[in-house]
Every structure is written in structure tokens, then in C-alpha cells.
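Text of query.txt, listed as compact mmCIF, C-alpha atoms:
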```
# COMPACT_ATOMS: atom_id res chain seq x y z
CA MET A 240 -14.52 -28.67 59.43
CA THR A 241 -17.28 -28.44 56.83
CA PRO A 242 -19.51 -31.56 56.87
CA TYR A 243 -19.61 -33.48 53.59
CA PRO A 244 -23.45 -33.35 53.30
CA LEU A 245 -23.42 -29.54 53.59
CA LEU A 246 -20.53 -29.23 51.15
CA THR A 247 -22.37 -31.49 48.71
CA ARG A 248 -25.62 -29.51 48.95
CA VAL A 249 -23.90 -26.15 48.45
CA PHE A 250 -21.86 -27.22 45.42
CA ALA A 251 -24.83 -29.06 43.93
CA ARG A 252 -26.72 -25.77 44.16
CA ILE A 253 -23.81 -23.93 42.53
CA GLY A 254 -23.72 -26.51 39.74
CA LEU A 255 -27.45 -26.24 39.08
CA LEU A 256 -27.39 -22.42 39.06
CA SER A 257 -24.19 -21.95 37.07
CA PHE A 258 -25.79 -20.46 33.96
CA GLY A 259 -24.32 -17.61 31.99
CA GLY A 260 -20.66 -18.39 31.45
CA PRO A 261 -17.69 -17.59 33.70
CA ALA A 262 -18.82 -14.15 34.90
CA ALA A 263 -22.18 -15.34 36.21
CA GLN A 264 -20.71 -18.60 37.56
CA ILE A 265 -18.00 -16.78 39.50
CA ALA A 266 -20.66 -14.46 40.91
CA VAL A 267 -22.77 -17.42 42.08
CA MET A 268 -19.74 -18.93 43.81
CA HIS A 269 -18.87 -15.58 45.39
CA ARG A 270 -22.37 -15.29 46.82
CA GLU A 271 -22.40 -18.87 48.15
CA LEU A 272 -18.82 -19.14 49.43
CA VAL A 273 -17.98 -15.60 50.57
CA GLU A 274 -21.18 -13.63 51.20
CA GLN A 275 -23.50 -16.29 52.61
CA ARG A 276 -20.92 -18.55 54.32
CA PRO A 277 -17.54 -17.82 55.92
CA TRP A 278 -15.82 -20.49 53.83
CA LEU A 279 -13.50 -18.11 51.94
CA THR A 280 -12.53 -14.53 52.69
CA GLU A 281 -12.76 -11.90 49.99
CA ALA A 282 -8.97 -11.92 49.64
CA GLN A 283 -8.78 -15.70 49.42
CA PHE A 284 -11.48 -15.78 46.76
CA LEU A 285 -9.76 -13.17 44.59
CA ARG A 286 -6.37 -14.81 45.05
CA ALA A 287 -7.80 -18.18 44.06
CA LEU A 288 -9.55 -16.66 41.03
CA SER A 289 -6.30 -15.09 39.84
CA PHE A 290 -4.54 -18.42 40.32
CA CYS A 291 -7.19 -20.30 38.32
CA MET A 292 -6.96 -17.77 35.49
CA LEU A 293 -3.32 -18.82 35.07
CA LEU A 294 -4.21 -22.47 34.53
CA PRO A 295 -5.37 -24.14 31.30
CA GLY A 296 -9.01 -25.13 31.38
CA PRO A 297 -12.30 -23.61 32.64
CA GLU A 298 -11.41 -21.21 35.43
CA ALA A 299 -14.85 -21.32 37.11
CA MET A 300 -14.79 -25.12 37.44
CA GLN A 301 -11.25 -24.96 38.79
CA LEU A 302 -12.26 -22.26 41.26
CA ALA A 303 -15.01 -24.56 42.55
CA THR A 304 -12.53 -27.43 42.79
CA TYR A 305 -10.06 -25.25 44.67
CA ALA A 306 -12.76 -24.14 47.13
CA GLY A 307 -13.75 -27.75 47.78
CA TRP A 308 -10.09 -28.69 48.22
CA ARG A 309 -9.58 -25.95 50.82
CA LEU A 310 -12.59 -27.15 52.77
CA ARG A 311 -12.10 -30.93 52.70
CA GLY A 312 -8.92 -31.78 50.78
CA ILE A 313 -8.89 -33.92 47.65
CA THR A 314 -12.29 -35.49 48.42
CA GLY A 315 -13.83 -32.06 48.81
CA GLY A 316 -12.23 -30.92 45.56
CA LEU A 317 -13.62 -33.94 43.72
CA ILE A 318 -17.11 -33.32 45.08
CA ALA A 319 -17.08 -29.60 44.25
CA GLY A 320 -15.57 -29.96 40.78
CA ALA A 321 -17.75 -32.89 39.77
CA LEU A 322 -20.97 -31.22 40.94
CA PHE A 323 -20.05 -28.09 39.00
CA VAL A 324 -19.79 -30.09 35.77
CA LEU A 325 -22.30 -32.96 36.03
CA PRO A 326 -25.63 -31.05 35.89
CA GLY A 327 -24.60 -29.31 32.67
CA ALA A 328 -23.10 -32.50 31.27
CA ALA A 329 -26.40 -34.33 31.81
CA VAL A 330 -28.33 -31.55 30.05
CA ILE A 331 -25.84 -31.44 27.16
CA ALA A 332 -26.03 -35.22 26.77
CA VAL A 333 -29.81 -35.06 26.34
CA LEU A 334 -29.71 -31.99 24.09
CA ALA A 335 -27.03 -33.50 21.86
CA LEU A 336 -29.04 -36.70 21.38
CA LEU A 337 -32.21 -34.72 20.63
CA TYR A 338 -30.31 -32.44 18.27
CA ALA A 339 -28.77 -35.39 16.43
CA GLN A 340 -32.25 -36.85 16.00
CA TYR A 341 -34.36 -33.77 15.28
CA GLY A 342 -32.00 -30.84 14.65
CA ALA A 343 -32.59 -27.28 15.85
CA ARG A 344 -36.22 -26.18 16.14
CA PRO A 345 -37.72 -22.66 16.32
CA GLU A 346 -39.47 -23.48 19.61
CA THR A 347 -36.15 -24.32 21.25
CA GLU A 348 -34.54 -21.14 19.92
CA ALA A 349 -37.36 -19.04 21.39
CA LEU A 350 -36.95 -20.66 24.81
CA MET A 351 -33.19 -20.20 24.68
CA LEU A 352 -33.52 -16.51 23.81
CA GLY A 353 -35.41 -15.96 27.06
CA VAL A 354 -32.67 -17.73 29.01
CA LYS A 355 -29.93 -15.74 27.26
CA ALA A 356 -31.73 -12.46 27.98
CA SER A 357 -31.82 -13.23 31.68
CA VAL A 358 -28.18 -14.32 31.59
CA ILE A 359 -27.21 -10.86 30.30
CA VAL A 360 -28.59 -9.35 33.50
CA ILE A 361 -26.83 -11.98 35.62
CA VAL A 362 -23.53 -11.19 33.92
CA VAL A 363 -23.90 -7.42 34.35
CA GLN A 364 -24.65 -7.88 38.04
CA ALA A 365 -21.65 -10.17 38.38
CA LEU A 366 -19.34 -7.70 36.69
CA HIS A 367 -20.52 -4.89 38.97
CA ARG A 368 -19.99 -6.92 42.15
CA LEU A 369 -16.58 -8.23 41.14
CA SER A 370 -15.25 -4.87 39.95
CA SER A 371 -16.28 -3.19 43.21
CA LYS A 372 -14.37 -5.84 45.16
CA ALA A 373 -11.29 -6.28 42.95
CA LEU A 374 -10.48 -2.72 41.83
CA LYS A 375 -8.92 -0.82 44.71
CA GLY A 376 -7.83 2.34 42.94
CA SER A 377 -7.25 4.09 39.64
CA PRO A 378 -4.17 1.95 38.72
CA ASP A 379 -6.27 -1.23 39.03
CA PHE A 380 -9.06 0.39 37.02
CA MET A 381 -6.61 1.31 34.27
CA VAL A 382 -5.33 -2.28 34.12
CA ALA A 383 -8.90 -3.58 33.82
CA VAL A 384 -9.67 -1.15 31.00
CA ALA A 385 -6.40 -1.99 29.24
CA ALA A 386 -7.15 -5.72 29.48
CA PHE A 387 -10.64 -5.17 28.07
CA LEU A 388 -9.35 -3.13 25.12
CA ALA A 389 -6.53 -5.56 24.44
CA LEU A 390 -9.02 -8.40 24.06
CA PHE A 391 -12.01 -6.63 22.52
CA ALA A 392 -10.34 -4.06 20.25
CA PHE A 393 -7.00 -5.68 19.41
CA SER A 394 -7.69 -9.42 19.83
CA LEU A 395 -4.43 -9.95 21.68
CA PRO A 396 -3.83 -13.51 22.91
CA PHE A 397 -5.26 -14.06 26.36
CA PRO A 398 -2.01 -15.49 27.83
CA LEU A 399 -0.17 -12.36 26.69
CA VAL A 400 -2.71 -10.09 28.40
CA ILE A 401 -2.41 -12.01 31.67
CA ALA A 402 1.39 -12.10 31.41
CA LEU A 403 1.54 -8.32 30.89
CA ALA A 404 -0.80 -7.74 33.85
CA ALA A 405 1.37 -9.96 36.04
CA ALA A 406 4.53 -8.15 34.91
CA TRP A 407 2.92 -4.78 35.61
CA GLY A 408 1.90 -5.92 39.09
CA ALA A 409 5.34 -7.30 39.88
CA LEU A 410 7.08 -4.12 38.71
CA ARG A 411 4.65 -1.94 40.57
CA GLY A 412 5.31 -4.03 43.68
CA GLY A 413 2.32 -2.75 45.59
CA GLY A 414 -1.38 -2.06 45.56
CA ALA A 415 -2.28 -5.67 46.25
CA ALA A 416 -5.93 -6.39 45.92
CA ASP A 417 -5.78 -8.39 49.14
CA GLY A 418 -4.35 -6.57 52.12
CA PRO A 419 -1.74 -7.91 54.50
CA SER A 420 -4.28 -8.11 57.32
CA ASP A 421 -5.87 -11.17 55.71
CA ALA A 422 -4.99 -14.34 57.62
CA PRO A 423 -6.10 -17.36 55.62
CA ALA A 424 -6.47 -20.75 57.19
CA GLU A 425 -3.75 -23.27 56.65
CA PRO A 426 -4.18 -25.49 53.59
CA PRO A 427 -5.47 -29.00 54.31
CA ARG A 428 -2.87 -31.29 55.80
CA ASN A 429 -3.24 -33.84 53.02
CA SER A 430 -1.42 -31.66 50.49
CA THR A 431 -1.02 -33.55 47.26
CA ALA A 432 1.87 -36.00 47.22
CA PRO A 433 3.89 -36.59 44.03
CA ALA A 434 2.48 -40.13 43.79
CA THR A 435 -1.07 -38.72 43.78
CA ILE A 436 -0.19 -36.25 41.03
CA LEU A 437 1.33 -39.08 38.98
CA LEU A 438 -1.82 -41.16 39.53
CA TRP A 439 -4.04 -38.36 38.16
CA LEU A 440 -1.75 -37.91 35.17
CA VAL A 441 -1.96 -41.63 34.38
CA LEU A 442 -5.74 -41.69 34.83
CA TRP A 443 -6.14 -38.74 32.48
CA LEU A 444 -4.06 -40.21 29.64
CA LEU A 445 -4.94 -43.89 30.12
CA PRO A 446 -7.72 -43.91 27.48
CA LEU A 447 -5.21 -43.04 24.73
CA PRO A 448 -3.20 -46.33 24.69
CA VAL A 449 -6.32 -48.38 25.45
CA LEU A 450 -8.24 -46.93 22.49
CA TYR A 451 -5.23 -47.11 20.18
CA LEU A 452 -4.56 -50.77 20.94
CA SER A 453 -8.25 -51.67 20.63
CA GLY A 454 -8.48 -50.08 17.17
CA GLN A 455 -11.10 -47.46 18.11
CA THR A 456 -9.87 -44.89 15.59
CA LEU A 457 -12.57 -42.22 16.03
CA LEU A 458 -12.56 -42.43 19.82
CA PHE A 459 -8.77 -42.27 19.87
CA ASP A 460 -8.79 -39.22 17.61
CA LEU A 461 -11.38 -37.54 19.85
CA ALA A 462 -9.39 -38.36 23.00
CA ALA A 463 -6.11 -37.10 21.54
CA PHE A 464 -7.66 -33.88 20.20
CA PHE A 465 -9.43 -32.94 23.44
CA ALA A 466 -6.41 -33.89 25.55
CA LYS A 467 -4.40 -31.39 23.52
CA LEU A 468 -7.21 -28.86 23.83
CA ALA A 469 -7.18 -29.24 27.62
CA VAL A 470 -3.57 -28.07 27.71
CA VAL A 471 -4.00 -24.98 25.50
CA THR A 472 -7.31 -23.60 26.82
CA PHE A 473 -5.77 -20.73 28.81
CA GLY A 474 -8.44 -18.17 29.62
CA GLY A 475 -11.32 -20.62 29.54
CA ALA A 476 -13.58 -21.65 26.71
CA TYR A 477 -13.88 -18.29 24.94
CA ALA A 478 -10.12 -18.17 24.40
CA VAL A 479 -10.14 -21.43 22.46
CA LEU A 480 -13.55 -21.58 20.75
CA ALA A 481 -12.31 -20.15 17.45
CA TYR A 482 -9.44 -22.62 17.31
CA MET A 483 -11.68 -25.56 18.16
CA ALA A 484 -14.35 -24.56 15.65
CA GLN A 485 -11.84 -24.24 12.83
CA ASP A 486 -10.21 -27.58 13.60
CA VAL A 487 -13.46 -29.50 14.14
CA VAL A 488 -15.23 -28.10 11.06
CA GLU A 489 -12.56 -27.39 8.46
CA MET A 490 -9.78 -29.86 9.24
CA ARG A 491 -11.53 -32.88 10.75
CA GLY A 492 -15.05 -32.58 9.36
CA TRP A 493 -16.68 -33.86 12.53
CA LEU A 494 -19.35 -31.12 12.41
CA THR A 495 -20.66 -28.66 9.84
CA ALA A 496 -20.38 -24.92 10.46
CA PRO A 497 -24.11 -24.52 11.31
CA GLN A 498 -23.87 -27.45 13.73
CA MET A 499 -20.92 -25.79 15.45
CA VAL A 500 -22.83 -22.53 15.86
CA ASP A 501 -25.79 -24.42 17.35
CA ALA A 502 -23.42 -26.27 19.68
CA LEU A 503 -22.07 -23.01 21.04
CA GLY A 504 -25.56 -21.59 21.50
CA LEU A 505 -26.81 -24.62 23.41
CA ALA A 506 -23.71 -24.73 25.62
CA GLU A 507 -24.19 -21.06 26.54
CA THR A 508 -27.67 -21.72 27.89
CA THR A 509 -26.98 -24.78 30.05
CA PRO A 510 -25.52 -24.85 33.55
CA GLY A 511 -21.83 -25.56 33.93
CA PRO A 512 -18.73 -24.39 32.07
CA LEU A 513 -19.05 -23.30 28.46
CA ILE A 514 -16.29 -25.74 27.55
CA LEU A 515 -19.00 -28.43 27.81
CA VAL A 516 -19.41 -27.60 24.14
CA THR A 517 -16.63 -30.18 23.67
CA GLN A 518 -19.02 -32.86 24.92
CA PHE A 519 -21.63 -31.76 22.40
CA VAL A 520 -19.05 -31.93 19.60
CA GLY A 521 -17.91 -35.38 20.71
CA GLN A 522 -21.45 -36.72 20.91
CA LEU A 523 -22.43 -35.45 17.46
CA ALA A 524 -19.25 -36.91 15.95
CA GLY A 525 -19.93 -40.22 17.70
CA HIS A 526 -23.59 -40.26 16.65
CA SER A 527 -22.64 -39.73 13.00
CA ALA A 528 -20.26 -42.67 13.18
CA GLY A 529 -22.20 -45.17 15.26
CA GLY A 530 -25.56 -44.00 16.58
CA VAL A 531 -26.65 -43.48 20.17
CA ARG A 532 -24.18 -45.86 21.85
CA MET A 533 -21.20 -44.37 20.11
CA ALA A 534 -22.52 -40.87 20.86
CA LEU A 535 -22.72 -41.59 24.60
CA ALA A 536 -19.27 -43.21 24.60
CA ALA A 537 -17.76 -40.26 22.71
CA GLY A 538 -19.45 -37.75 25.04
CA ALA A 539 -18.20 -39.51 28.18
CA LEU A 540 -14.70 -39.77 26.73
CA THR A 541 -14.67 -36.08 25.82
CA LEU A 542 -15.73 -35.15 29.35
CA TRP A 543 -12.93 -37.30 30.77
CA MET A 544 -10.20 -35.81 28.58
CA THR A 545 -11.45 -32.25 29.19
CA PHE A 546 -12.04 -32.20 32.94
CA VAL A 547 -9.75 -34.76 34.58
CA PRO A 548 -6.71 -32.51 33.93
CA CYS A 549 -8.52 -29.71 35.78
CA PHE A 550 -8.36 -31.82 38.95
CA LEU A 551 -4.72 -32.56 38.18
CA TRP A 552 -3.78 -28.87 37.95
CA ILE A 553 -5.62 -27.92 41.13
CA PHE A 554 -4.35 -30.80 43.24
CA ALA A 555 -0.80 -30.25 42.02
CA PHE A 556 -0.59 -26.47 42.48
CA ALA A 557 -3.28 -25.46 45.00
CA PRO A 558 -1.08 -26.13 48.07
CA HIS A 559 1.20 -23.33 46.91
CA VAL A 560 -1.42 -20.58 46.43
CA GLU A 561 -1.39 -19.26 49.99
CA THR A 562 2.43 -19.31 50.18
CA LEU A 563 2.33 -16.40 47.73
CA ARG A 564 1.60 -14.17 50.73
CA ALA A 565 5.18 -14.70 51.85
CA ARG A 566 6.45 -13.52 48.44
CA PRO A 567 5.44 -9.86 48.03
CA ARG A 568 6.48 -9.58 44.39
CA LEU A 569 4.50 -12.68 43.39
CA GLN A 570 1.55 -11.44 45.42
CA ALA A 571 1.76 -8.11 43.58
CA ALA A 572 1.82 -9.98 40.26
CA LEU A 573 -1.35 -11.81 41.26
CA SER A 574 -2.91 -8.46 42.16
CA GLY A 575 -2.20 -7.25 38.64
CA ILE A 576 -3.86 -10.37 37.26
CA THR A 577 -6.86 -9.82 39.55
CA ALA A 578 -7.38 -6.34 38.09
CA ALA A 579 -7.00 -7.69 34.54
CA VAL A 580 -9.58 -10.40 35.27
CA VAL A 581 -12.24 -7.69 35.60
CA GLY A 582 -11.44 -6.54 32.05
CA VAL A 583 -11.46 -10.13 30.83
CA ILE A 584 -14.90 -10.73 32.32
CA ALA A 585 -16.15 -7.43 30.85
CA ASN A 586 -15.02 -8.63 27.42
CA LEU A 587 -16.77 -11.97 27.88
CA SER A 588 -19.91 -10.19 29.05
CA LEU A 589 -19.98 -7.91 26.00
CA TRP A 590 -19.31 -10.87 23.70
CA PHE A 591 -22.28 -12.75 25.16
CA ALA A 592 -24.58 -9.71 25.01
CA LEU A 593 -23.73 -8.94 21.37
CA HIS A 594 -24.38 -12.51 20.28
CA THR A 595 -27.68 -12.56 22.15
CA LEU A 596 -29.05 -9.20 20.99
CA PHE A 597 -27.92 -9.47 17.37
CA ALA A 598 -28.23 -12.33 14.93
CA GLN A 599 -25.01 -11.37 13.12
CA THR A 600 -21.71 -9.71 13.91
CA VAL A 601 -18.95 -8.53 11.60
CA THR A 602 -15.22 -8.35 12.26
CA ILE A 603 -13.46 -5.13 11.23
CA ASP A 604 -9.71 -5.42 10.76
CA LYS A 605 -7.86 -2.13 10.32
CA GLY A 606 -4.22 -2.06 11.24
CA PRO A 607 -3.80 -3.40 14.77
CA LEU A 608 -7.53 -3.06 15.42
CA SER A 609 -9.71 -6.17 15.20
CA LEU A 610 -13.24 -5.29 16.32
CA SER A 611 -16.23 -7.61 16.37
CA LEU A 612 -19.24 -5.32 15.93
CA PRO A 613 -22.95 -6.11 15.63
CA VAL A 614 -24.87 -5.81 12.38
CA LEU A 615 -27.50 -3.33 13.61
CA SER A 616 -30.13 -4.49 11.12
CA THR A 617 -30.07 -7.96 12.75
CA LEU A 618 -31.18 -6.70 16.17
CA ARG A 619 -33.53 -9.11 17.93
CA PRO A 620 -36.10 -6.62 19.33
CA GLU A 621 -37.90 -9.40 21.20
CA ALA A 622 -34.81 -9.76 23.43
CA LEU A 623 -35.19 -6.24 24.86
CA PRO A 624 -38.42 -6.78 26.84
CA LEU A 625 -37.03 -10.10 28.06
CA ILE A 626 -33.94 -8.33 29.43
CA ALA A 627 -36.17 -5.73 31.10
CA LEU A 628 -38.29 -8.50 32.63
CA ALA A 629 -35.22 -10.27 33.99
CA ALA A 630 -33.83 -7.02 35.43
CA LEU A 631 -37.15 -6.29 37.15
CA MET A 632 -37.34 -9.78 38.66
CA PHE A 633 -33.77 -9.65 39.92
CA ALA A 634 -34.41 -6.20 41.39
CA ARG A 635 -37.23 -7.81 43.37
CA LYS A 636 -34.83 -10.53 44.59
CA ALA A 637 -36.42 -13.33 42.57
CA PRO A 638 -34.36 -16.57 42.63
CA VAL A 639 -32.28 -17.37 39.56
CA PRO A 640 -34.17 -20.57 38.53
CA LEU A 641 -37.49 -18.71 38.63
CA VAL A 642 -36.11 -15.86 36.49
CA LEU A 643 -34.70 -18.30 33.95
CA ALA A 644 -37.96 -20.24 33.74
CA VAL A 645 -40.18 -17.13 33.43
CA CYS A 646 -37.95 -15.53 30.79
CA ALA A 647 -37.73 -18.76 28.80
CA LEU A 648 -41.52 -19.14 28.74
CA SER A 649 -41.88 -15.45 27.90
CA GLY A 650 -39.50 -15.89 24.99
CA TRP A 651 -41.60 -18.77 23.73
CA GLY A 652 -44.77 -16.68 24.16
CA LEU A 653 -43.36 -13.74 22.21
CA ALA A 654 -42.44 -16.09 19.36
CA GLN A 655 -46.10 -17.12 19.08
CA VAL A 656 -47.34 -13.54 18.65
```

The structure in this file should be written as C-alpha cells.
Amino acid sequence: MTPYPLLTRVFARIGLLSFGGPAAQIAVMHRELVEQRPWLTEAQFLRALSFCMLLPGPEAMQLATYAGWRLRGITGGLIAGALFVLPGAAVIAVLALLYAQYGARPETEALMLGVKASVIVIVVQALHRLSSKALKGSPDFMVAVAAFLALFAFSLPFPLVIALAAAWGALRGGGAADGPSDAPAEPPRNSTAPATILLWLVLWLLPLPVLYLSGQTLLFDLAAFFAKLAVVTFGGAYAVLAYMAQDVVEMRGWLTAPQMVDALGLAETTPGPLILVTQFVGQLAGHSAGGVRMALAAGALTLWMTFVPCFLWIFAFAPHVETLRARPRLQAALSGITAAVVGVIANLSLWFALHTLFAQTVTIDKGPLSLSLPVLSTLRPEALPLIALAALMFARKAPVPLVLAVCALSGWGLAQV
């Protein structure tokens, strides 16, 4: 049984190194949990990833929670999930307060460009490793390509893409990404009881009646909005960012459009799930209404409403993941999802790269096509040597924190030239 101190150290490291969005975060977890330690087999990792992609909320954070749950039950899941979120939440809390006080500054943008450039390399490496593990033949490759095109070229809803991949896998009835020779360990004995699930549900929604009865209108509105968001965020943060931005800016007026863009940029360059942008939004809304204290209260509340349901989903459904091995058709459906996940991550990777290399993008709608293409004249040429520097350092096996720090300082240096 994995000792708690070791589990804590490993997931603290994962949380501190989880830059770059889902693709890079999943790659970090794969390296720590599969390659460097025999905590999960390749098949278990891919099966768990496919399972988490089916749930609402940030799939990388839920994957970490699931891994912790497998190792040490609910306590292990709490440790792993919390450590995945808290480092980024602490950084976002500080950045949001500084932003509310001083706004965006050119120096910060230069530093962040260096970080983003290195993240592009991290994401490309992650995509290469995951595709080599998950795609077992030409049918899987075709599903991955189809998923990528469905999202990038046709802007199909993410749940529809995953549902179609699952249906394809079930109908195909074979070609599972994880072979039958895999023999996973039994799930922890303390599988979640119905009373425990009910307790987590109550804990998640408890702030709503408390805030309503106490007359905290803004905090109640924030809690209700992000509770709803937690239920509809299938596919992670990227699948819901457009909806959230429209609602927050146009309907509720909590942030201006430039503030929302800055929020997304800052969230992309901090450790932890990209959905931490919700904390930034909550803090800015709270700061506008009541200063620093209200900002901190709104940020903590947003974190609670966003991430507590992630623990609820994992603890409720994780005990049933491994039983899929006894159901060949369901296992085949998960294999289809696993192949589609590669295309999903490729789409996320391209999205991140385009928004790092180019200052502007334009959406072209023509019939069923809906392409987001870069405006070539807005290329950031200073990003190119930073990407080359990051690639060179990674090729020489430099640690991720060192690469991020060197590229950030290099970005700042190039801005001074």
C-alpha cells in the first residue's frame, strides 16, 4: 500500500508541474504514475482517462483524483485532487488581486509569452507519447483524425464527438486499446457508500441556501452560476469557455471583454486545470463589488462550487470503472473514446499554439465548416526562438521548472531589445 507521505509528495509535484492545459498535465501524470512508478498500468491509465472524459469537469484533475482513490481510497483521492488544484489556485488568487489593482502590464505579458512557448513544446511531446500508446491500428488512427476534424473544422459539440466515438467502438466490438492480458488490482475496499455520496452532494450545494438566506446576492449568484457550469463542462474547460465568456461578459456584466481575455491568458500559464479561470472571474467580480475581502470570499466560493463536484463524480462512479472489463461491449466503447481523446488533445494543442503564436484569429463559417484560423500578419516572431529554446532544453532532458523559468526570462529579455 502506497504510504501517504510518498503519495503526497508525488501529487504535490504533479500539481506544481501541471502547466500547459490538459495535454501536458495528462503527460506529467503518465510519466509520474505509469513510467516512473508501478502505480497504474498503461491500460488502467488509458481506461481511467477515457472514463474521466465522460464526466463533467476538468478531466486532468479528475484523473489525478481517480489515481489517488485507487491507491488509498477516498483519503488518497482527496489528497491527489486537492494537490492538483491548490498550487494553481494560490497563484491565480495572487494574480487576480494584482490584476484588480494594477491591470495587465507589458512586463507580465513578456514573461507569459516565454512560458506559453515552452508549453507548446510540452504539449507536442505529450501528444506524441499519448498517441503512440493509445492508437493501436489504422481504425483507431482514423477515429482520432475524425475527432480532431469534428472539433477543429466543424465545431461539433464535444459530447456528440465522444458519444459517436463510443458508439463506433461498441459497434466495432473489438480493437480495445487495453488488451485482455491486463489484470488490474482490485479497487479499494472502501468503495463509496450511498451515504458518502449524499454527504458530498450536500456539501457541494450547501453554500446556496446559506448565501440566499443571509442576503449575499452577488455570492449567491456566483455560487449558482458556477454550480450550473460544473454540471455542463463536458470535455473540460475548452468546451465551455465560449459559453462562460458570453454569459459573464454580455449577460451578467461581471467582467469586460478585455478582462475575460486576460483571465484566459493568465489561467493558461499557471499550474493546475484551465478551469481555474472561474476563480479569476469570481475574484474580479468580488473585488469590483467589495474590495479584497469580497474578492477572496468570491474566489474561495468559486473554487468550492467548481471542484467539489469533481470529487463527487469520482467517488460515486470510480468503483465501477474496472468492472467494464467484464463487459466487452462497454470496454470496446471506452476504446473508441480513448482513440477519440487523442484527436481531442490534438485540437486543444493546436488551439493553444495558435493563440500563442498569433495575436489574432478569425473564424471562417462556410456551410458546415467553422474554422478558427490565425491572422498571419499578427504573428509574434519573438515566440519562435523561445519555442526553439524550449525544444532544445527538453531534448537535453532539462527539468520542466527550469525550462519554464529560462523561457520566461528570455521572453522578458527579448521584449527589452

Quick one, how far is CA of Ala555 (chain A) from CA of Thr435 (chain A)?
8.7 Å

So that I can see what lies close to Leu618 (chain A), please list as number ranges by chain the residues with an atom at most 8 Å from it, counting all atoms listed in the file and leaving out residues fewer than 6 positions away in the same chain.
A: 596-598

For His594 (chain A), please output as a PyMOL selection string all residues within 10 Å (counting all atoms listed in the file; exclusion window: fewer than 4 positions along the same chain).
chain A and resi 355+504+589-590+598-600+612-613+618

To one decimal place, how far is CA of Thr602 (chain A) from CA of Met483 (chain A) in Å?
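CA of Thr602 (chain A) sits 18.5 Å away from CA of Met483 (chain A).
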
Figure out the distance between CA of Ala654 (chain A) and CA of Val358 (chain A), please, to one decimal in Å.
18.9 Å

Pro510 (chain A): which residues within 8 Å, counting only C-alpha atoms, same-chain residues fewer than 2 positions away excluded, as a PyMOL selection string?
chain A and resi 254-259+326-327+508+512

A:Leu272, A:Leu631, A:Thr617, A:Ala585: which is nearest Val363 (chain A), counting all atoms listed in the file?
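Of all the options, A:Ala585 lies closest to Val363 (chain A).
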
So which residues touch region 406-413 of chain A within 6 Å, counting only C-alpha atoms, skipping near sequence neighbours fewer than 5 positions away, as a list in words?
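Surrounding residues, per the criterion: Arg568, Ala571, Ala572 and Gly575 of chain A.
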
For each of A:Leu458, A:Phe591, A:Phe556, A:Leu369, take the minimum atom-to-atom distance to Leu294 (chain A), counting all atoms listed in the file, then give the residue where this is smallest.
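Closest candidate: A:Phe556.
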
Could you list, as a list in words, every residue within 8 Å of Val583 (chain A), counting only C-alpha atoms and ignoring same-chain residues fewer than 3 positions away?
Ala383, Ala386, Phe387, Leu390, Ala579, Val580, Asn586 and Leu587 of chain A

From the options A:Gly376, A:Thr545, A:Ala506, A:Ala462, which residue's atoms come nearest to Met351 (chain A), counting only C-alpha atoms?
A:Ala506

With 9 Å as the threshold, what does the neighbourhood of (-41.8, -21.4, 19.9) contain in terms of residues, counting only C-alpha atoms? Coordinates are those of the file; answer as an MDAnalysis selection string.
chainID A and resid 344:350 650:655
